[in-house]
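Reproduced below: structure30.pdb, with PDB, C-alpha atoms, pLDDT in the B column.
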ATOM      1  CA  MET A   5      24.976 -15.604  25.433  1.00 52.00           C
ATOM      2  CA  PHE A   6      21.792 -14.403  23.719  1.00 49.00           C
ATOM      3  CA  THR A   7      19.344 -12.499  25.897  1.00 55.00           C
ATOM      4  CA  PRO A   8      15.846 -12.309  24.419  1.00 64.00           C
ATOM      5  CA  LYS A   9      14.490  -8.804  24.012  1.00 87.00           C
ATOM      6  CA  GLU A  10      11.454  -7.718  25.952  1.00 94.00           C
ATOM      7  CA  ASN A  11       8.068  -7.752  24.274  1.00 97.00           C
ATOM      8  CA  ASN A  12       6.325  -4.699  25.722  1.00 98.00           C
ATOM      9  CA  PHE A  13       3.121  -2.984  24.620  1.00 98.00           C
ATOM     10  CA  ALA A  14       2.295   0.710  24.991  1.00 98.00           C
ATOM     11  CA  PHE A  15      -1.210   1.912  25.803  1.00 98.00           C
ATOM     12  CA  ILE A  16      -1.493   5.601  24.929  1.00 98.00           C
ATOM     13  CA  ASP A  17      -4.199   8.040  25.982  1.00 97.00           C
ATOM     14  CA  SER A  18      -3.931  10.278  22.909  1.00 95.00           C
ATOM     15  CA  ASN A  19      -6.000  13.134  24.320  1.00 92.00           C
ATOM     16  CA  ASN A  20      -3.963  13.325  27.527  1.00 92.00           C
ATOM     17  CA  LEU A  21      -0.758  13.122  25.486  1.00 93.00           C
ATOM     18  CA  HIS A  22      -1.755  15.869  23.069  1.00 90.00           C
ATOM     19  CA  GLN A  23      -3.294  18.212  25.640  1.00 88.00           C
ATOM     20  CA  SER A  24      -0.438  17.837  28.128  1.00 87.00           C
ATOM     21  CA  LEU A  25       2.237  18.655  25.571  1.00 89.00           C
ATOM     22  CA  SER A  26       0.480  21.357  23.589  1.00 84.00           C
ATOM     23  CA  LYS A  27      -0.701  23.649  26.374  1.00 79.00           C
ATOM     24  CA  ASP A  28       1.369  26.283  28.106  1.00 74.00           C
ATOM     25  CA  ILE A  29       1.443  25.943  31.882  1.00 72.00           C
ATOM     26  CA  SER A  30       1.944  28.649  34.467  1.00 70.00           C
ATOM     27  CA  LYS A  31       3.092  28.069  38.020  1.00 70.00           C
ATOM     28  CA  ASN A  32       3.183  30.860  40.601  1.00 73.00           C
ATOM     29  CA  GLY A  33       2.439  33.362  37.851  1.00 72.00           C
ATOM     30  CA  GLN A  34       5.385  32.306  35.665  1.00 72.00           C
ATOM     31  CA  LYS A  35       5.224  30.420  32.405  1.00 71.00           C
ATOM     32  CA  ILE A  36       7.240  27.256  32.976  1.00 67.00           C
ATOM     33  CA  PHE A  37       6.258  25.143  30.017  1.00 67.00           C
ATOM     34  CA  PHE A  38       5.877  26.077  26.386  1.00 68.00           C
ATOM     35  CA  GLY A  39       3.540  23.910  24.352  1.00 80.00           C
ATOM     36  CA  TRP A  40       4.862  21.842  21.470  1.00 87.00           C
ATOM     37  CA  LYS A  41       3.698  19.333  18.931  1.00 91.00           C
ATOM     38  CA  LEU A  42       4.856  15.723  19.103  1.00 94.00           C
ATOM     39  CA  ASP A  43       6.465  14.057  16.094  1.00 95.00           C
ATOM     40  CA  TYR A  44       4.614  10.729  16.193  1.00 96.00           C
ATOM     41  CA  LYS A  45       7.066   8.982  13.892  1.00 96.00           C
ATOM     42  CA  ARG A  46       9.986   9.847  16.176  1.00 96.00           C
ATOM     43  CA  PHE A  47       7.861   9.038  19.218  1.00 97.00           C
ATOM     44  CA  ARG A  48       7.127   5.524  17.916  1.00 98.00           C
ATOM     45  CA  ILE A  49      10.850   4.900  17.354  1.00 97.00           C
ATOM     46  CA  TYR A  50      11.582   6.251  20.836  1.00 97.00           C
ATOM     47  CA  LEU A  51       9.061   3.853  22.388  1.00 98.00           C
ATOM     48  CA  LYS A  52      10.681   0.915  20.632  1.00 97.00           C
ATOM     49  CA  ASP A  53      14.263   1.918  21.467  1.00 97.00           C
ATOM     50  CA  LYS A  54      13.758   3.084  25.057  1.00 96.00           C
ATOM     51  CA  TYR A  55      11.030   0.743  26.317  1.00 97.00           C
ATOM     52  CA  CYS A  56      11.201  -2.227  23.883  1.00 97.00           C
ATOM     53  CA  VAL A  57       7.633  -1.506  22.723  1.00 98.00           C
ATOM     54  CA  ASN A  58       6.692  -3.879  19.919  1.00 98.00           C
ATOM     55  CA  LYS A  59       3.049  -2.812  19.728  1.00 98.00           C
ATOM     56  CA  ALA A  60       1.735   0.667  20.514  1.00 98.00           C
ATOM     57  CA  PHE A  61      -2.011   1.142  20.931  1.00 98.00           C
ATOM     58  CA  LEU A  62      -3.155   4.736  20.456  1.00 98.00           C
ATOM     59  CA  PHE A  63      -6.621   5.370  21.893  1.00 97.00           C
ATOM     60  CA  ILE A  64      -8.237   8.230  20.049  1.00 96.00           C
ATOM     61  CA  GLY A  65     -11.638   9.787  19.455  1.00 92.00           C
ATOM     62  CA  PHE A  66     -12.947   9.260  15.925  1.00 93.00           C
ATOM     63  CA  LYS A  67     -14.073  12.314  14.010  1.00 89.00           C
ATOM     64  CA  ALA A  68     -15.155  12.204  10.377  1.00 87.00           C
ATOM     65  CA  GLY A  69     -12.748  14.144   8.214  1.00 90.00           C
ATOM     66  CA  ASN A  70      -9.629  13.173  10.175  1.00 92.00           C
ATOM     67  CA  GLN A  71      -8.929  10.029   8.141  1.00 95.00           C
ATOM     68  CA  ALA A  72      -5.642  11.384   6.744  1.00 96.00           C
ATOM     69  CA  MET A  73      -4.347  11.929  10.287  1.00 96.00           C
ATOM     70  CA  TYR A  74      -5.441   8.452  11.374  1.00 97.00           C
ATOM     71  CA  THR A  75      -3.745   6.903   8.343  1.00 97.00           C
ATOM     72  CA  LYS A  76      -0.528   8.789   9.075  1.00 97.00           C
ATOM     73  CA  LEU A  77      -0.565   7.583  12.705  1.00 97.00           C
ATOM     74  CA  GLN A  78      -0.999   4.004  11.504  1.00 98.00           C
ATOM     75  CA  GLU A  79       1.840   4.450   9.008  1.00 97.00           C
ATOM     76  CA  CYS A  80       4.030   5.569  11.930  1.00 97.00           C
ATOM     77  CA  GLY A  81       3.370   2.200  13.555  1.00 98.00           C
ATOM     78  CA  PHE A  82       0.486   2.862  15.929  1.00 98.00           C
ATOM     79  CA  VAL A  83      -2.522   0.597  16.285  1.00 98.00           C
ATOM     80  CA  CYS A  84      -5.361   3.102  16.470  1.00 97.00           C
ATOM     81  CA  VAL A  85      -8.303   2.191  18.680  1.00 97.00           C
ATOM     82  CA  PHE A  86     -11.164   4.537  17.949  1.00 96.00           C
ATOM     83  CA  LYS A  87     -14.012   5.765  20.092  1.00 93.00           C
ATOM     84  CA  PRO A  88     -16.839   7.835  18.634  1.00 91.00           C
ATOM     85  CA  ILE A  89     -16.744  11.406  19.887  1.00 89.00           C
ATOM     86  CA  LEU A  90     -19.636  13.451  21.168  1.00 86.00           C
ATOM     87  CA  GLU A  91     -20.013  16.907  19.686  1.00 85.00           C
ATOM     88  CA  LEU A  92     -21.387  19.176  22.400  1.00 86.00           C
ATOM     89  CA  LYS A  93     -23.707  22.156  21.888  1.00 88.00           C
ATOM     90  CA  ASP A  94     -20.891  24.622  22.560  1.00 88.00           C
ATOM     91  CA  GLY A  95     -18.894  23.160  19.640  1.00 79.00           C
ATOM     92  CA  SER A  96     -16.430  21.261  21.782  1.00 81.00           C
ATOM     93  CA  VAL A  97     -15.929  17.527  21.458  1.00 80.00           C
ATOM     94  CA  LYS A  98     -15.669  14.775  24.041  1.00 80.00           C
ATOM     95  CA  GLY A  99     -13.979  11.464  23.383  1.00 79.00           C
ATOM     96  CA  ASN A 100     -12.826   9.982  26.692  1.00 87.00           C
ATOM     97  CA  VAL A 101     -10.902   6.763  25.929  1.00 93.00           C
ATOM     98  CA  ASP A 102     -10.036   5.633  29.466  1.00 94.00           C
ATOM     99  CA  ALA A 103     -12.297   2.567  29.479  1.00 95.00           C
ATOM    100  CA  GLU A 104     -11.018   1.440  26.077  1.00 96.00           C
ATOM    101  CA  LEU A 105      -7.405   1.720  27.232  1.00 98.00           C
ATOM    102  CA  VAL A 106      -8.066  -0.349  30.360  1.00 98.00           C
ATOM    103  CA  LEU A 107     -10.075  -2.943  28.453  1.00 97.00           C
ATOM    104  CA  HIS A 108      -7.480  -3.404  25.696  1.00 97.00           C
ATOM    105  CA  SER A 109      -4.614  -3.610  28.171  1.00 98.00           C
ATOM    106  CA  MET A 110      -6.442  -6.539  29.790  1.00 98.00           C
ATOM    107  CA  ILE A 111      -7.479  -8.178  26.490  1.00 98.00           C
ATOM    108  CA  GLU A 112      -3.816  -8.127  25.393  1.00 98.00           C
ATOM    109  CA  TYR A 113      -2.493  -9.056  28.875  1.00 98.00           C
ATOM    110  CA  LYS A 114      -1.024 -12.454  27.897  1.00 98.00           C
ATOM    111  CA  ASN A 115       0.553 -11.099  24.705  1.00 98.00           C
ATOM    112  CA  TYR A 116       3.134  -8.767  26.276  1.00 98.00           C
ATOM    113  CA  ASP A 117       5.780  -8.876  28.964  1.00 98.00           C
ATOM    114  CA  LYS A 118       5.138  -5.429  30.425  1.00 98.00           C
ATOM    115  CA  ALA A 119       2.849  -2.480  29.777  1.00 98.00           C
ATOM    116  CA  LEU A 120       3.880   1.112  29.231  1.00 98.00           C
ATOM    117  CA  ILE A 121       1.020   3.467  30.105  1.00 98.00           C
ATOM    118  CA  VAL A 122       1.336   6.832  28.348  1.00 98.00           C
ATOM    119  CA  SER A 123      -0.819   9.239  30.324  1.00 97.00           C
ATOM    120  CA  GLY A 124      -0.667  11.442  33.367  1.00 94.00           C
ATOM    121  CA  ASP A 125      -4.328  10.782  34.174  1.00 95.00           C
ATOM    122  CA  GLY A 126      -5.073   9.601  37.708  1.00 94.00           C
ATOM    123  CA  ASP A 127      -8.013   7.582  36.364  1.00 95.00           C
ATOM    124  CA  PHE A 128      -5.429   4.898  35.539  1.00 96.00           C
ATOM    125  CA  TYR A 129      -4.308   4.586  39.170  1.00 95.00           C
ATOM    126  CA  CYS A 130      -5.985   1.198  39.730  1.00 96.00           C
ATOM    127  CA  LEU A 131      -4.656  -0.184  36.427  1.00 97.00           C
ATOM    128  CA  VAL A 132      -1.113   0.941  37.229  1.00 96.00           C
ATOM    129  CA  GLU A 133      -1.412  -0.471  40.733  1.00 94.00           C
ATOM    130  CA  HIS A 134      -2.618  -3.819  39.336  1.00 96.00           C
ATOM    131  CA  PHE A 135       0.252  -3.956  36.848  1.00 96.00           C
ATOM    132  CA  LEU A 136       2.722  -3.162  39.637  1.00 93.00           C
ATOM    133  CA  ASN A 137       1.345  -5.956  41.813  1.00 93.00           C
ATOM    134  CA  LYS A 138       1.566  -8.438  38.921  1.00 96.00           C
ATOM    135  CA  ASN A 139       5.038  -7.247  37.798  1.00 95.00           C
ATOM    136  CA  LYS A 140       3.546  -6.222  34.429  1.00 97.00           C
ATOM    137  CA  LEU A 141       4.358  -2.495  34.486  1.00 97.00           C
ATOM    138  CA  LYS A 142       7.284  -1.166  32.495  1.00 97.00           C
ATOM    139  CA  LYS A 143       6.651   2.519  33.288  1.00 96.00           C
ATOM    140  CA  VAL A 144       4.102   5.277  33.305  1.00 96.00           C
ATOM    141  CA  LEU A 145       5.173   7.843  30.753  1.00 97.00           C
ATOM    142  CA  ALA A 146       3.462  11.065  31.779  1.00 95.00           C
ATOM    143  CA  PRO A 147       3.503  13.674  29.024  1.00 93.00           C
ATOM    144  CA  ASN A 148       4.206  16.602  31.322  1.00 89.00           C
ATOM    145  CA  ARG A 149       5.997  16.635  34.688  1.00 87.00           C
ATOM    146  CA  TYR A 150       4.175  19.826  35.702  1.00 84.00           C
ATOM    147  CA  ASN A 151       0.679  18.572  34.974  1.00 84.00           C
ATOM    148  CA  TYR A 152      -0.070  14.979  35.977  1.00 89.00           C
ATOM    149  CA  SER A 153      -2.067  13.303  38.728  1.00 91.00           C
ATOM    150  CA  CYS A 154      -0.473  13.169  42.163  1.00 88.00           C
ATOM    151  CA  LEU A 155      -2.165   9.769  42.549  1.00 91.00           C
ATOM    152  CA  LEU A 156       0.543   8.326  40.325  1.00 89.00           C
ATOM    153  CA  ASN A 157       3.191   9.641  42.743  1.00 83.00           C
ATOM    154  CA  ARG A 158       1.690   7.466  45.462  1.00 84.00           C
ATOM    155  CA  LEU A 159       2.691   4.386  43.483  1.00 83.00           C
ATOM    156  CA  SER A 160       6.149   5.694  42.634  1.00 71.00           C
ATOM    157  CA  LEU A 161       8.278   5.021  45.684  1.00 65.00           C
ATOM    158  CA  PRO A 162      12.024   5.781  45.975  1.00 60.00           C
ATOM    159  CA  ASN A 163      12.912   2.159  45.254  1.00 61.00           C
ATOM    160  CA  ASN A 164      10.211   1.813  42.613  1.00 68.00           C
ATOM    161  CA  ASN A 165      10.309   4.839  40.336  1.00 86.00           C
ATOM    162  CA  ILE A 166       7.556   4.141  37.826  1.00 93.00           C
ATOM    163  CA  LEU A 167       7.357   7.612  36.274  1.00 94.00           C
ATOM    164  CA  ASP A 168       9.135   9.007  33.246  1.00 94.00           C
ATOM    165  CA  PHE A 169       8.242  12.293  31.547  1.00 93.00           C
ATOM    166  CA  LEU A 170       8.032  13.234  27.881  1.00 93.00           C
ATOM    167  CA  ASP A 171       8.283  17.003  28.208  1.00 86.00           C
ATOM    168  CA  GLN A 172      12.017  16.686  28.901  1.00 86.00           C
ATOM    169  CA  LEU A 173      12.436  15.267  25.381  1.00 90.00           C
ATOM    170  CA  LYS A 174      11.180  18.261  23.424  1.00 86.00           C
ATOM    171  CA  ASN A 175      14.456  18.622  21.507  1.00 88.00           C
ATOM    172  CA  LYS A 176      14.354  14.967  20.489  1.00 92.00           C
ATOM    173  CA  LEU A 177      10.630  14.460  19.811  1.00 93.00           C
ATOM    174  CA  GLU A 178       9.224  17.816  18.725  1.00 89.00           C
ATOM    175  CA  TYR A 179       7.604  17.937  15.301  1.00 90.00           C
ATOM    176  CA  LYS A 180       9.485  20.247  12.994  1.00 86.00           C
ATOM    177  CA  LYS A 181       7.876  20.911   9.638  1.00 78.00           C
ATOM    178  CA  SER A 182      10.245  20.688   6.721  1.00 62.00           C
ATOM    179  CA  SER A 183       9.589  20.595   3.013  1.00 42.00           C
ATOM    180  CA  LEU A 184      11.691  17.431   2.723  1.00 47.00           C
ATOM    181  CA  ARG A 185       9.569  15.397   5.150  1.00 49.00           C
ATOM    182  CA  ASP A 186       6.062  16.724   4.547  1.00 48.00           C
TER     183      ASP A 186
END
Could I get this file's structure written as structure tokens?
Amino acid sequence: MFTPKENNFAFIDSNNLHQSLSKDISKNGQKIFFGWKLDYKRFRIYLKDKYCVNKAFLFIGFKAGNQAMYTKLQECGFVCVFKPILELKDGSVKGNVDAELVLHSMIEYKNYDKALIVSGDGDFYCLVEHFLNKNKLKKVLAPNRYNYSCLLNRLSLPNNNILDFLDQLKNKLEYKKSSLRD
């Protein structure tokens, strides 16, 4: 008998994803996590295979001069949703995409079976809680098990484990530069 495949959408906080994987973390004075760079092509395949993600929205700050990167992300199968960044006086940039992620997950609500939220940010607590209550949550994929909001743990009960972690997949999803691929 044929069982139809799920039609899930991923909503990805690109800044949280990048920052959580690329920074080293120390706990009790010991380095417990070594930063790494995500291979977005492999990541997109992983999302499809593991979570049945047919459409993956990547929420990202837009900065002039990064067009080649944005094109490459789109070629990997991501739907990029841009937000203009603010360049601060100290040279840093700010491009918080939380509101865009929440809005798009609700705009697309009727078009998917379940949502995969890729972020460890506690700002998504109410969205995750809503999806849980409506049986629309596939999982929360936190980039780093050592650095995510404890608010998300409150929703993840023993009989309802909503959290998965990307940092455990470094060997599978780490970007490795090779002359054949780049």
Selection result for the PyMOL selection byres ((chain A and resi 40-51) around 6) on this file, as number ranges by chain
A: 25-26, 39, 52-55, 57, 80, 177-179
Restricting the calculation to all atoms listed in the file: of A:Leu167, A:Val106, A:Cys56, A:Ile29, which residue gets closest to Lys9 in chain A?
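Going through A:Leu167, A:Val106, A:Cys56, A:Ile29 one by one, the smallest distance to Lys9 in chain A is for A:Cys56.
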Skipping near chain neighbours, those fewer than 2 positions away, what residues fall within 9 Å of Phe82 in chain A using only C-alpha atoms, listed as JSON, numbers by chain?
{"A": [44, 48, 59, 60, 61, 62, 77, 78, 79, 80, 84]}
Which of A:Glu104, A:Asp94, A:Asp117, A:Asp168 sits closest to Phe15 in chain A [using all atoms listed in the file]:
A:Glu104
Do you have the CA of Asn12 in chain A-CA of Asn151 in chain A distance handy?
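Computed distance, CA of Asn12 in chain A to CA of Asn151 in chain A, equals 25.7 Å.
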Which of these, A:Cys130, A:Val144, A:Ala72, A:Ile16, has the shortest distance to Leu105 in chain A once you count only C-alpha atoms?
A:Ile16
Where does the PyMOL selection byres ((chain A and resi 110) around 12) land in this file, that is, which residues does it pick, as a ChimeraX atom specification?
/A:13,15,103-109,111-116,118-119,131-132,134-135,140
Mind pulling up the distance from CA of Asp102 in chain A to CA of Leu155 in chain A?
15.8 Å
Give me the box for range 164-180 of chain A as lines of an AutoDock Vina configuration file, namely the centre and edge lengths in Å to one decimal of a box along x, y and z that holds every listed atom plus 4 Å on each side.
center_x = 10.9
center_y = 11.0
center_z = 27.8
size_x = 15.1
size_y = 26.4
size_z = 37.6
